[in-house]
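Visitor: CSV, N, CA and C atoms, file data27.csv:
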```csv
chain,number,residue,atom,x,y,z
A,1,MET,N,0.9,-1.2,0.0
A,1,MET,CA,0.0,0.0,0.0
A,1,MET,C,0.9,1.2,0.0
A,2,SER,N,0.5,2.2,-0.8
A,2,SER,CA,1.3,3.4,-0.8
A,2,SER,C,0.9,4.4,0.2
A,3,ILE,N,1.7,5.4,0.5
A,3,ILE,CA,1.3,6.4,1.4
A,3,ILE,C,0.1,7.2,1.0
A,4,GLU,N,0.0,7.5,-0.3
A,4,GLU,CA,-1.1,8.3,-0.8
A,4,GLU,C,-2.4,7.5,-0.6
A,5,THR,N,-2.4,6.2,-0.9
A,5,THR,CA,-3.6,5.4,-0.7
A,5,THR,C,-4.0,5.4,0.7
A,6,TYR,N,-3.0,5.1,1.6
A,6,TYR,CA,-3.3,5.1,3.1
A,6,TYR,C,-3.9,6.4,3.6
A,7,ALA,N,-3.2,7.5,3.2
A,7,ALA,CA,-3.6,8.8,3.7
A,7,ALA,C,-5.0,9.2,3.2
A,8,ASN,N,-5.2,9.0,1.9
A,8,ASN,CA,-6.5,9.4,1.4
A,8,ASN,C,-7.6,8.5,2.0
A,9,THR,N,-7.4,7.2,2.2
A,9,THR,CA,-8.4,6.3,2.8
A,9,THR,C,-8.7,6.8,4.3
A,10,MET,N,-7.6,7.1,5.0
A,10,MET,CA,-7.8,7.5,6.4
A,10,MET,C,-8.5,8.9,6.5
A,11,ILE,N,-8.1,9.8,5.6
A,11,ILE,CA,-8.8,11.1,5.6
A,11,ILE,C,-10.3,11.0,5.3
A,12,TYR,N,-10.6,10.2,4.4
A,12,TYR,CA,-12.1,9.9,4.1
A,12,TYR,C,-12.8,9.2,5.2
A,13,PHE,N,-12.1,8.3,5.8
A,13,PHE,CA,-12.6,7.5,6.9
A,13,PHE,C,-12.9,8.5,8.1
A,14,PHE,N,-12.0,9.4,8.4
A,14,PHE,CA,-12.1,10.3,9.5
A,14,PHE,C,-13.2,11.4,9.2
A,15,LEU,N,-13.3,11.7,7.9
A,15,LEU,CA,-14.4,12.6,7.5
A,15,LEU,C,-15.7,12.0,7.6
A,16,ALA,N,-15.9,10.7,7.2
A,16,ALA,CA,-17.2,10.1,7.4
A,16,ALA,C,-17.5,9.9,8.9
A,17,LEU,N,-16.5,9.6,9.7
A,17,LEU,CA,-16.7,9.5,11.2
A,17,LEU,C,-17.1,10.8,11.7
A,18,PHE,N,-16.5,11.9,11.3
A,18,PHE,CA,-16.8,13.2,11.7
A,18,PHE,C,-18.3,13.6,11.4
A,19,LEU,N,-18.7,13.3,10.2
A,19,LEU,CA,-20.1,13.6,9.8
A,19,LEU,C,-21.1,12.8,10.5
A,20,LEU,N,-20.8,11.5,10.7
A,20,LEU,CA,-21.6,10.6,11.5
A,20,LEU,C,-21.7,11.1,13.0
A,21,SER,N,-20.6,11.6,13.5
A,21,SER,CA,-20.6,12.1,14.9
A,21,SER,C,-21.4,13.4,15.0
A,22,VAL,N,-21.3,14.2,14.0
A,22,VAL,CA,-22.1,15.5,14.1
A,22,VAL,C,-23.5,15.1,14.0
A,23,LEU,N,-23.9,14.2,13.2
A,23,LEU,CA,-25.3,13.8,13.2
A,23,LEU,C,-25.8,13.2,14.6
A,24,ALA,N,-24.9,12.4,15.2
A,24,ALA,CA,-25.2,11.9,16.5
A,24,ALA,C,-25.3,13.0,17.5
A,25,ASP,N,-24.4,14.0,17.4
A,25,ASP,CA,-24.4,15.2,18.3
A,25,ASP,C,-25.8,16.0,18.2
A,26,VAL,N,-26.3,16.1,17.0
A,26,VAL,CA,-27.6,16.8,16.8
A,26,VAL,C,-28.7,16.0,17.5
A,27,ILE,N,-28.6,14.7,17.4
A,27,ILE,CA,-29.6,13.8,18.1
A,27,ILE,C,-29.5,14.0,19.6
A,28,VAL,N,-28.3,14.1,20.1
A,28,VAL,CA,-28.0,14.3,21.5
A,28,VAL,C,-28.6,15.6,21.9
A,29,ILE,N,-28.3,16.6,21.2
A,29,ILE,CA,-28.8,18.0,21.5
A,29,ILE,C,-30.3,18.0,21.5
A,30,LEU,N,-31.0,17.4,20.6
A,30,LEU,CA,-32.4,17.3,20.5
A,30,LEU,C,-33.0,16.5,21.7
A,31,SER,N,-32.3,15.5,22.1
A,31,SER,CA,-32.7,14.7,23.3
A,31,SER,C,-32.6,15.6,24.6
A,32,ILE,N,-31.5,16.3,24.7
A,32,ILE,CA,-31.3,17.2,25.8
A,32,ILE,C,-32.4,18.3,25.9
A,33,ILE,N,-32.7,18.8,24.7
A,33,ILE,CA,-33.8,19.9,24.7
A,33,ILE,C,-35.1,19.3,25.1
A,34,ARG,N,-35.4,18.0,24.7
A,34,ARG,CA,-36.6,17.4,25.1
A,34,ARG,C,-36.6,16.8,26.6
A,35,LYS,N,-35.5,17.1,27.2
A,35,LYS,CA,-35.3,16.8,28.7
A,35,LYS,C,-35.3,15.2,28.9
A,36,LYS,N,-34.8,14.5,27.9
A,36,LYS,CA,-34.6,13.1,28.1
A,36,LYS,C,-33.1,12.9,28.4
A,37,PRO,N,-32.8,12.4,29.6
A,37,PRO,CA,-31.4,12.3,30.0
A,37,PRO,C,-30.7,11.2,29.2
A,38,LEU,N,-29.5,11.5,28.8
A,38,LEU,CA,-28.6,10.6,28.2
A,38,LEU,C,-27.4,10.4,29.1
A,39,LYS,N,-27.1,9.1,29.3
A,39,LYS,CA,-26.0,8.8,30.3
A,39,LYS,C,-24.7,9.0,29.7
A,40,TYR,N,-24.5,8.6,28.5
A,40,TYR,CA,-23.1,8.7,27.9
A,40,TYR,C,-23.1,9.7,26.7
A,41,TRP,N,-23.6,10.9,26.9
A,41,TRP,CA,-23.6,11.9,25.8
A,41,TRP,C,-22.2,12.4,25.5
A,42,ARG,N,-21.3,12.2,26.4
A,42,ARG,CA,-19.9,12.7,26.2
A,42,ARG,C,-19.2,11.9,25.1
A,43,ILE,N,-19.6,10.7,24.9
A,43,ILE,CA,-18.9,9.9,23.9
A,43,ILE,C,-19.1,10.5,22.5
A,44,MET,N,-20.3,11.0,22.3
A,44,MET,CA,-20.5,11.7,21.0
A,44,MET,C,-19.6,12.9,20.8
A,45,VAL,N,-19.4,13.7,21.8
A,45,VAL,CA,-18.6,14.9,21.7
A,45,VAL,C,-17.1,14.4,21.5
A,46,TRP,N,-16.7,13.4,22.2
A,46,TRP,CA,-15.3,13.0,22.1
A,46,TRP,C,-15.0,12.4,20.7
A,47,SER,N,-16.0,11.6,20.2
A,47,SER,CA,-15.8,11.0,18.9
A,47,SER,C,-15.7,12.1,17.8
A,48,THR,N,-16.5,13.2,17.9
A,48,THR,CA,-16.5,14.3,17.0
A,48,THR,C,-15.1,15.0,17.0
A,49,LEU,N,-14.6,15.3,18.2
A,49,LEU,CA,-13.3,15.9,18.4
A,49,LEU,C,-12.2,15.0,17.9
A,50,TYR,N,-12.3,13.7,18.2
A,50,TYR,CA,-11.2,12.8,17.7
A,50,TYR,C,-11.2,12.8,16.2
A,51,ALA,N,-12.3,12.6,15.6
A,51,ALA,CA,-12.3,12.5,14.1
A,51,ALA,C,-11.8,13.8,13.5
A,52,LEU,N,-12.1,14.9,14.0
A,52,LEU,CA,-11.6,16.2,13.5
A,52,LEU,C,-10.1,16.3,13.6
A,53,PHE,N,-9.6,16.1,14.8
A,53,PHE,CA,-8.2,16.2,15.1
A,53,PHE,C,-7.4,15.1,14.3
A,54,ALA,N,-7.9,13.9,14.2
A,54,ALA,CA,-7.2,12.8,13.5
A,54,ALA,C,-7.2,13.1,12.0
A,55,MET,N,-8.2,13.7,11.5
A,55,MET,CA,-8.3,14.1,10.0
A,55,MET,C,-7.2,15.2,9.8
A,56,PHE,N,-7.2,16.2,10.6
A,56,PHE,CA,-6.2,17.2,10.4
A,56,PHE,C,-4.7,16.7,10.6
A,57,ASN,N,-4.5,15.8,11.6
A,57,ASN,CA,-3.2,15.2,11.8
A,57,ASN,C,-2.7,14.4,10.6
A,58,THR,N,-3.6,13.6,10.0
A,58,THR,CA,-3.2,12.9,8.8
A,58,THR,C,-3.0,13.8,7.6
A,59,SER,N,-3.9,14.7,7.5
A,59,SER,CA,-3.8,15.7,6.3
A,59,SER,C,-2.5,16.5,6.4
A,60,ILE,N,-2.2,17.0,7.5
A,60,ILE,CA,-1.0,17.8,7.6
A,60,ILE,C,0.3,17.0,7.3
A,61,ALA,N,0.3,15.8,7.8
A,61,ALA,CA,1.5,14.9,7.6
A,61,ALA,C,1.5,14.5,6.1
A,62,TYR,N,0.4,14.3,5.5
A,62,TYR,CA,0.3,13.9,4.1
A,62,TYR,C,0.8,15.0,3.2
A,63,ILE,N,0.4,16.2,3.5
A,63,ILE,CA,0.7,17.3,2.7
A,63,ILE,C,2.2,17.7,2.8
A,64,ALA,N,2.7,17.5,4.0
A,64,ALA,CA,4.1,18.0,4.3
A,64,ALA,C,5.2,17.0,4.1
A,65,TYR,N,4.9,15.7,4.0
A,65,TYR,CA,6.0,14.7,4.0
A,65,TYR,C,6.9,14.8,2.8
A,66,ASP,N,6.4,15.3,1.7
A,66,ASP,CA,7.2,15.3,0.4
A,66,ASP,C,7.3,16.7,-0.2
A,67,ASP,N,6.9,17.7,0.5
A,67,ASP,CA,6.9,19.1,0.0
A,67,ASP,C,7.9,20.0,0.7
A,68,PRO,N,9.1,20.2,0.2
A,68,PRO,CA,10.1,21.0,0.9
A,68,PRO,C,9.7,22.4,1.1
A,69,SER,N,8.7,23.0,0.4
A,69,SER,CA,8.3,24.3,0.7
A,69,SER,C,7.3,24.4,1.8
A,70,ASP,N,6.8,23.3,2.3
A,70,ASP,CA,5.9,23.3,3.5
A,70,ASP,C,6.7,23.6,4.8
A,71,PRO,N,6.1,24.5,5.6
A,71,PRO,CA,6.8,24.8,6.9
A,71,PRO,C,6.9,23.6,7.8
A,72,ASN,N,6.1,22.6,7.7
A,72,ASN,CA,6.2,21.4,8.5
A,72,ASN,C,7.1,20.3,7.9
A,73,PHE,N,7.7,20.6,6.8
A,73,PHE,CA,8.5,19.5,6.1
A,73,PHE,C,9.6,18.9,7.0
A,74,TRP,N,10.2,19.8,7.8
A,74,TRP,CA,11.3,19.3,8.7
A,74,TRP,C,10.8,18.2,9.6
A,75,ARG,N,9.6,18.2,10.0
A,75,ARG,CA,9.0,17.2,11.0
A,75,ARG,C,8.7,15.9,10.3
A,76,TYR,N,8.2,16.0,9.0
A,76,TYR,CA,7.7,14.8,8.3
A,76,TYR,C,8.6,14.4,7.2
A,77,GLU,N,9.8,14.9,7.1
A,77,GLU,CA,10.7,14.8,6.0
A,77,GLU,C,11.0,13.3,5.6
A,78,ASN,N,11.3,12.5,6.5
A,78,ASN,CA,11.7,11.1,6.2
A,78,ASN,C,10.6,10.1,6.5
A,79,TRP,N,9.4,10.5,6.5
A,79,TRP,CA,8.3,9.6,6.9
A,79,TRP,C,8.0,8.6,5.8
A,80,ASN,N,7.7,7.3,6.2
A,80,ASN,CA,7.2,6.3,5.3
A,80,ASN,C,5.8,5.8,5.8
A,81,LEU,N,5.3,4.8,5.2
A,81,LEU,CA,3.9,4.3,5.6
A,81,LEU,C,3.9,3.9,7.1
A,82,HIS,N,4.9,3.3,7.6
A,82,HIS,CA,4.9,2.9,9.0
A,82,HIS,C,4.7,4.1,9.9
A,83,ASP,N,5.3,5.2,9.6
A,83,ASP,CA,5.2,6.4,10.5
A,83,ASP,C,3.8,7.0,10.4
A,84,PHE,N,3.1,6.9,9.3
A,84,PHE,CA,1.7,7.4,9.2
A,84,PHE,C,0.8,6.5,10.1
A,85,VAL,N,1.0,5.2,10.0
A,85,VAL,CA,0.2,4.2,10.8
A,85,VAL,C,0.5,4.5,12.3
A,86,VAL,N,1.7,4.6,12.7
A,86,VAL,CA,2.1,4.8,14.1
A,86,VAL,C,1.5,6.1,14.6
A,87,SER,N,1.5,7.1,13.8
A,87,SER,CA,1.0,8.4,14.2
A,87,SER,C,-0.5,8.3,14.4
A,88,ASP,N,-1.3,7.6,13.6
A,88,ASP,CA,-2.7,7.4,13.8
A,88,ASP,C,-3.0,6.6,15.0
A,89,ILE,N,-2.2,5.6,15.3
A,89,ILE,CA,-2.4,4.8,16.5
A,89,ILE,C,-2.1,5.6,17.8
A,90,LYS,N,-1.0,6.4,17.7
A,90,LYS,CA,-0.7,7.3,18.9
A,90,LYS,C,-1.9,8.3,19.1
A,91,MET,N,-2.4,8.8,18.1
A,91,MET,CA,-3.5,9.7,18.2
A,91,MET,C,-4.7,9.0,18.9
A,92,LEU,N,-5.0,7.8,18.4
A,92,LEU,CA,-6.1,7.0,19.0
A,92,LEU,C,-5.9,6.8,20.5
A,93,ILE,N,-4.7,6.3,20.8
A,93,ILE,CA,-4.4,6.0,22.2
A,93,ILE,C,-4.5,7.3,23.1
A,94,PHE,N,-4.0,8.4,22.6
A,94,PHE,CA,-4.0,9.6,23.3
A,94,PHE,C,-5.5,10.0,23.6
A,95,TRP,N,-6.3,10.0,22.6
A,95,TRP,CA,-7.7,10.4,22.8
A,95,TRP,C,-8.5,9.4,23.7
A,96,LEU,N,-8.2,8.1,23.6
A,96,LEU,CA,-8.8,7.1,24.5
A,96,LEU,C,-8.4,7.4,25.9
A,97,PHE,N,-7.1,7.7,26.1
A,97,PHE,CA,-6.6,8.0,27.5
A,97,PHE,C,-7.3,9.2,28.0
A,98,LEU,N,-7.4,10.3,27.2
A,98,LEU,CA,-8.0,11.5,27.6
A,98,LEU,C,-9.4,11.4,27.9
A,99,GLY,N,-10.1,10.6,27.1
A,99,GLY,CA,-11.6,10.4,27.4
A,99,GLY,C,-11.8,9.6,28.6
A,100,ALA,N,-11.0,8.5,28.9
A,100,ALA,CA,-11.1,7.7,30.1
A,100,ALA,C,-10.8,8.6,31.3
A,101,LEU,N,-9.8,9.4,31.2
A,101,LEU,CA,-9.4,10.3,32.3
A,101,LEU,C,-10.6,11.3,32.7
A,102,ILE,N,-11.2,11.9,31.7
A,102,ILE,CA,-12.3,12.8,31.9
A,102,ILE,C,-13.5,12.0,32.5
A,103,TYR,N,-13.7,10.8,32.0
A,103,TYR,CA,-14.8,10.0,32.5
A,103,TYR,C,-14.6,9.7,33.9
A,104,LEU,N,-13.4,9.3,34.3
A,104,LEU,CA,-13.1,9.0,35.7
A,104,LEU,C,-13.3,10.2,36.6
A,105,ILE,N,-12.8,11.3,36.1
A,105,ILE,CA,-12.9,12.5,36.9
A,105,ILE,C,-14.4,12.9,37.1
A,106,SER,N,-15.2,12.8,36.0
A,106,SER,CA,-16.6,13.2,36.2
A,106,SER,C,-17.4,12.2,37.0
A,107,GLU,N,-17.0,10.9,37.0
A,107,GLU,CA,-17.7,9.9,37.8
A,107,GLU,C,-17.3,10.1,39.3
A,108,LYS,N,-16.1,10.5,39.5
A,108,LYS,CA,-15.7,10.8,40.9
A,108,LYS,C,-16.4,12.0,41.4
A,109,ALA,N,-16.6,13.0,40.6
A,109,ALA,CA,-17.3,14.2,41.0
A,109,ALA,C,-18.8,13.9,41.2
A,110,ASN,N,-19.4,13.1,40.4
A,110,ASN,CA,-20.8,12.7,40.5
A,110,ASN,C,-21.0,11.8,41.8
A,111,GLY,N,-20.0,10.9,42.1
A,111,GLY,CA,-20.1,10.1,43.3
A,111,GLY,C,-20.0,10.9,44.5
A,112,LYS,N,-19.2,12.0,44.6
A,112,LYS,CA,-19.1,12.8,45.7
A,112,LYS,C,-20.4,13.6,45.9
A,113,LYS,N,-21.0,14.0,44.8
A,113,LYS,CA,-22.3,14.8,44.9
A,113,LYS,C,-23.4,13.9,45.5
A,114,THR,N,-23.5,12.7,45.0
A,114,THR,CA,-24.6,11.8,45.5
A,114,THR,C,-24.3,11.4,46.9
A,115,GLU,N,-23.0,11.2,47.3
A,115,GLU,CA,-22.7,10.8,48.6
A,115,GLU,C,-23.1,12.0,49.6
A,116,THR,N,-22.8,13.2,49.2
A,116,THR,CA,-23.2,14.4,50.0
A,116,THR,C,-24.7,14.5,50.1
A,117,GLU,N,-25.4,14.2,49.0
A,117,GLU,CA,-26.9,14.3,49.1
A,117,GLU,C,-27.4,13.2,50.0
A,118,SER,N,-26.8,12.0,50.0
A,118,SER,CA,-27.4,11.0,50.8
A,118,SER,C,-27.1,11.2,52.3
A,119,ARG,N,-26.0,11.9,52.6
A,119,ARG,CA,-25.7,12.2,54.0
A,119,ARG,C,-26.7,13.3,54.5
A,120,GLU,N,-27.1,14.2,53.7
A,120,GLU,CA,-28.0,15.2,54.0
A,120,GLU,C,-29.5,14.7,54.1
A,121,GLY,N,-29.7,13.5,53.6
A,121,GLY,CA,-31.0,13.0,53.7
A,121,GLY,C,-31.9,13.4,52.5
A,122,LYS,N,-31.3,13.8,51.4
A,122,LYS,CA,-32.1,14.2,50.2
A,122,LYS,C,-32.3,13.0,49.3
```
If you convert what's in this file into structure tokens, what do you get?
Guide:
Amino acid sequence: MSIETYANTMIYFFLALFLLSVLADVIVILSIIRKKPLKYWRIMVWSTLYALFAMFNTSIAYIAYDDPSDPNFWRYENWNLHDFVVSDIKMLIFWLFLGALIYLISEKANGKKTETESREGK
């Protein structure tokens, strides 16, 4: 597989994921407006942000890896297909870690709030 094929495939994949996530975000917003609680609404927001950042990450590397006039050429100068794949995997791991961290922090905050309410007898 060539770098061009991989990069174009991933860019279109991330674009489709972004559009699907935006559609899901609209559904989430409509559910919130109708006052129907959604437990995991943050997943839609994170998937939208991930798709957007991953698409830009792949696009910038694809544009700059063989263009000496690009300002980012020095960073992507000797990249091959392996580097593109590793970059996408690193991006996925980073966003999964960030999402899990925010989930744990929000669950801890929700747990303290319900614990305080139960102590007060509410």
Visitor: Can you pull out every residue within 7 Å of A:Leu17, counting only N, CA and C atoms, but drop anything in the same chain fewer than 4 positions away, and send it as an mmCIF file with N, CA and C atoms, in the frame of the given file?
Guide:
```
data_model
loop_
_atom_site.group_PDB
_atom_site.id
_atom_site.type_symbol
_atom_site.label_atom_id
_atom_site.label_comp_id
_atom_site.auth_asym_id
_atom_site.auth_seq_id
_atom_site.Cartn_x
_atom_site.Cartn_y
_atom_site.Cartn_z
ATOM 1 N N TYR A 12 -10.600 10.200 4.400
ATOM 2 C CA TYR A 12 -12.100 9.900 4.100
ATOM 3 C C TYR A 12 -12.800 9.200 5.200
ATOM 4 N N PHE A 13 -12.100 8.300 5.800
ATOM 5 C CA PHE A 13 -12.600 7.500 6.900
ATOM 6 C C PHE A 13 -12.900 8.500 8.100
ATOM 7 N N SER A 21 -20.600 11.600 13.500
ATOM 8 C CA SER A 21 -20.600 12.100 14.900
ATOM 9 C C SER A 21 -21.400 13.400 15.000
ATOM 10 N N VAL A 22 -21.300 14.200 14.000
ATOM 11 C CA VAL A 22 -22.100 15.500 14.100
ATOM 12 C C VAL A 22 -23.500 15.100 14.000
ATOM 13 N N SER A 47 -16.000 11.600 20.200
ATOM 14 C CA SER A 47 -15.800 11.000 18.900
ATOM 15 C C SER A 47 -15.700 12.100 17.800
ATOM 16 N N THR A 48 -16.500 13.200 17.900
ATOM 17 C CA THR A 48 -16.500 14.300 17.000
ATOM 18 C C THR A 48 -15.100 15.000 17.000
ATOM 19 N N ALA A 51 -12.300 12.600 15.600
ATOM 20 C CA ALA A 51 -12.300 12.500 14.100
ATOM 21 C C ALA A 51 -11.800 13.800 13.500
ATOM 22 N N LEU A 52 -12.100 14.900 14.000
ATOM 23 C CA LEU A 52 -11.600 16.200 13.500
ATOM 24 C C LEU A 52 -10.100 16.300 13.600
#
```
Visitor: Nearest to A:Leu15 among A:Met55, A:Leu98, A:Ile89, A:Phe73, with distances taken over only C-alpha atoms: which residue is it?
Guide: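 Going through A:Met55, A:Leu98, A:Ile89, A:Phe73 one by one, the smallest distance to A:Leu15 is for A:Met55.
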Visitor: Quick one: pull the distance between atom N of A:Leu30 and atom N of A:Leu49, Å, one decimal.
Guide: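 Between atom N of A:Leu30 and atom N of A:Leu49 the gap works out to 16.7 Å.
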Visitor: Which parts of stretch 1-119 of chain A does DSSP call helix (DSSP H, G or I) when run on the backbone here, written out as a PyMOL selection string?
Guide: chain A and resi 3-33+42-64+73-76+81-119
Visitor: Counting only C-alpha atoms, figure out which residue out of A:Asp66, A:Thr58, A:Trp74, A:Arg42 gets nearest to A:Gly99.
Guide: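 For A:Gly99, the nearest of the candidates is A:Arg42.
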Visitor: What does the structure give for the distance between atom C of A:Thr5 and atom CA of A:Leu81, in Å to one decimal?
Guide: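 Computing it gives 9.4 Å between the two atoms.
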Visitor: So how many Å separate atom CA of A:Glu4 and atom CA of A:Tyr62, to one decimal?
Guide: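 One can read the atom CA of A:Glu4 to atom CA of A:Tyr62 distance as 7.6 Å.
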Visitor: Considering only N, CA and C atoms, tabulate each residue of stretch 10-68 of chain A that lies at most 8 Å from stretch 92-97 of chain A along with its nearest interatomic pair and the corresponding distance in Å to one decimal; arrange the rows by chain and ascending residue number and present them as JSON lines.
Guide:
```
{"residue": "A:Trp46", "atom": "C", "partner": "A:Trp95", "partner_atom": "C", "distance": 7.8}
{"residue": "A:Tyr50", "atom": "CA", "partner": "A:Trp95", "partner_atom": "CA", "distance": 6.6}
{"residue": "A:Ala54", "atom": "CA", "partner": "A:Leu92", "partner_atom": "N", "distance": 7.3}
```
Visitor: Identify which of the residues A:Ser69, A:Lys35, A:Asn78, A:Met91 lies closest to A:Phe53, counting all atoms listed in the file when measuring atom-to-atom distances.
Guide: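 Among the listed residues, the smallest separation from A:Phe53 belongs to A:Met91.
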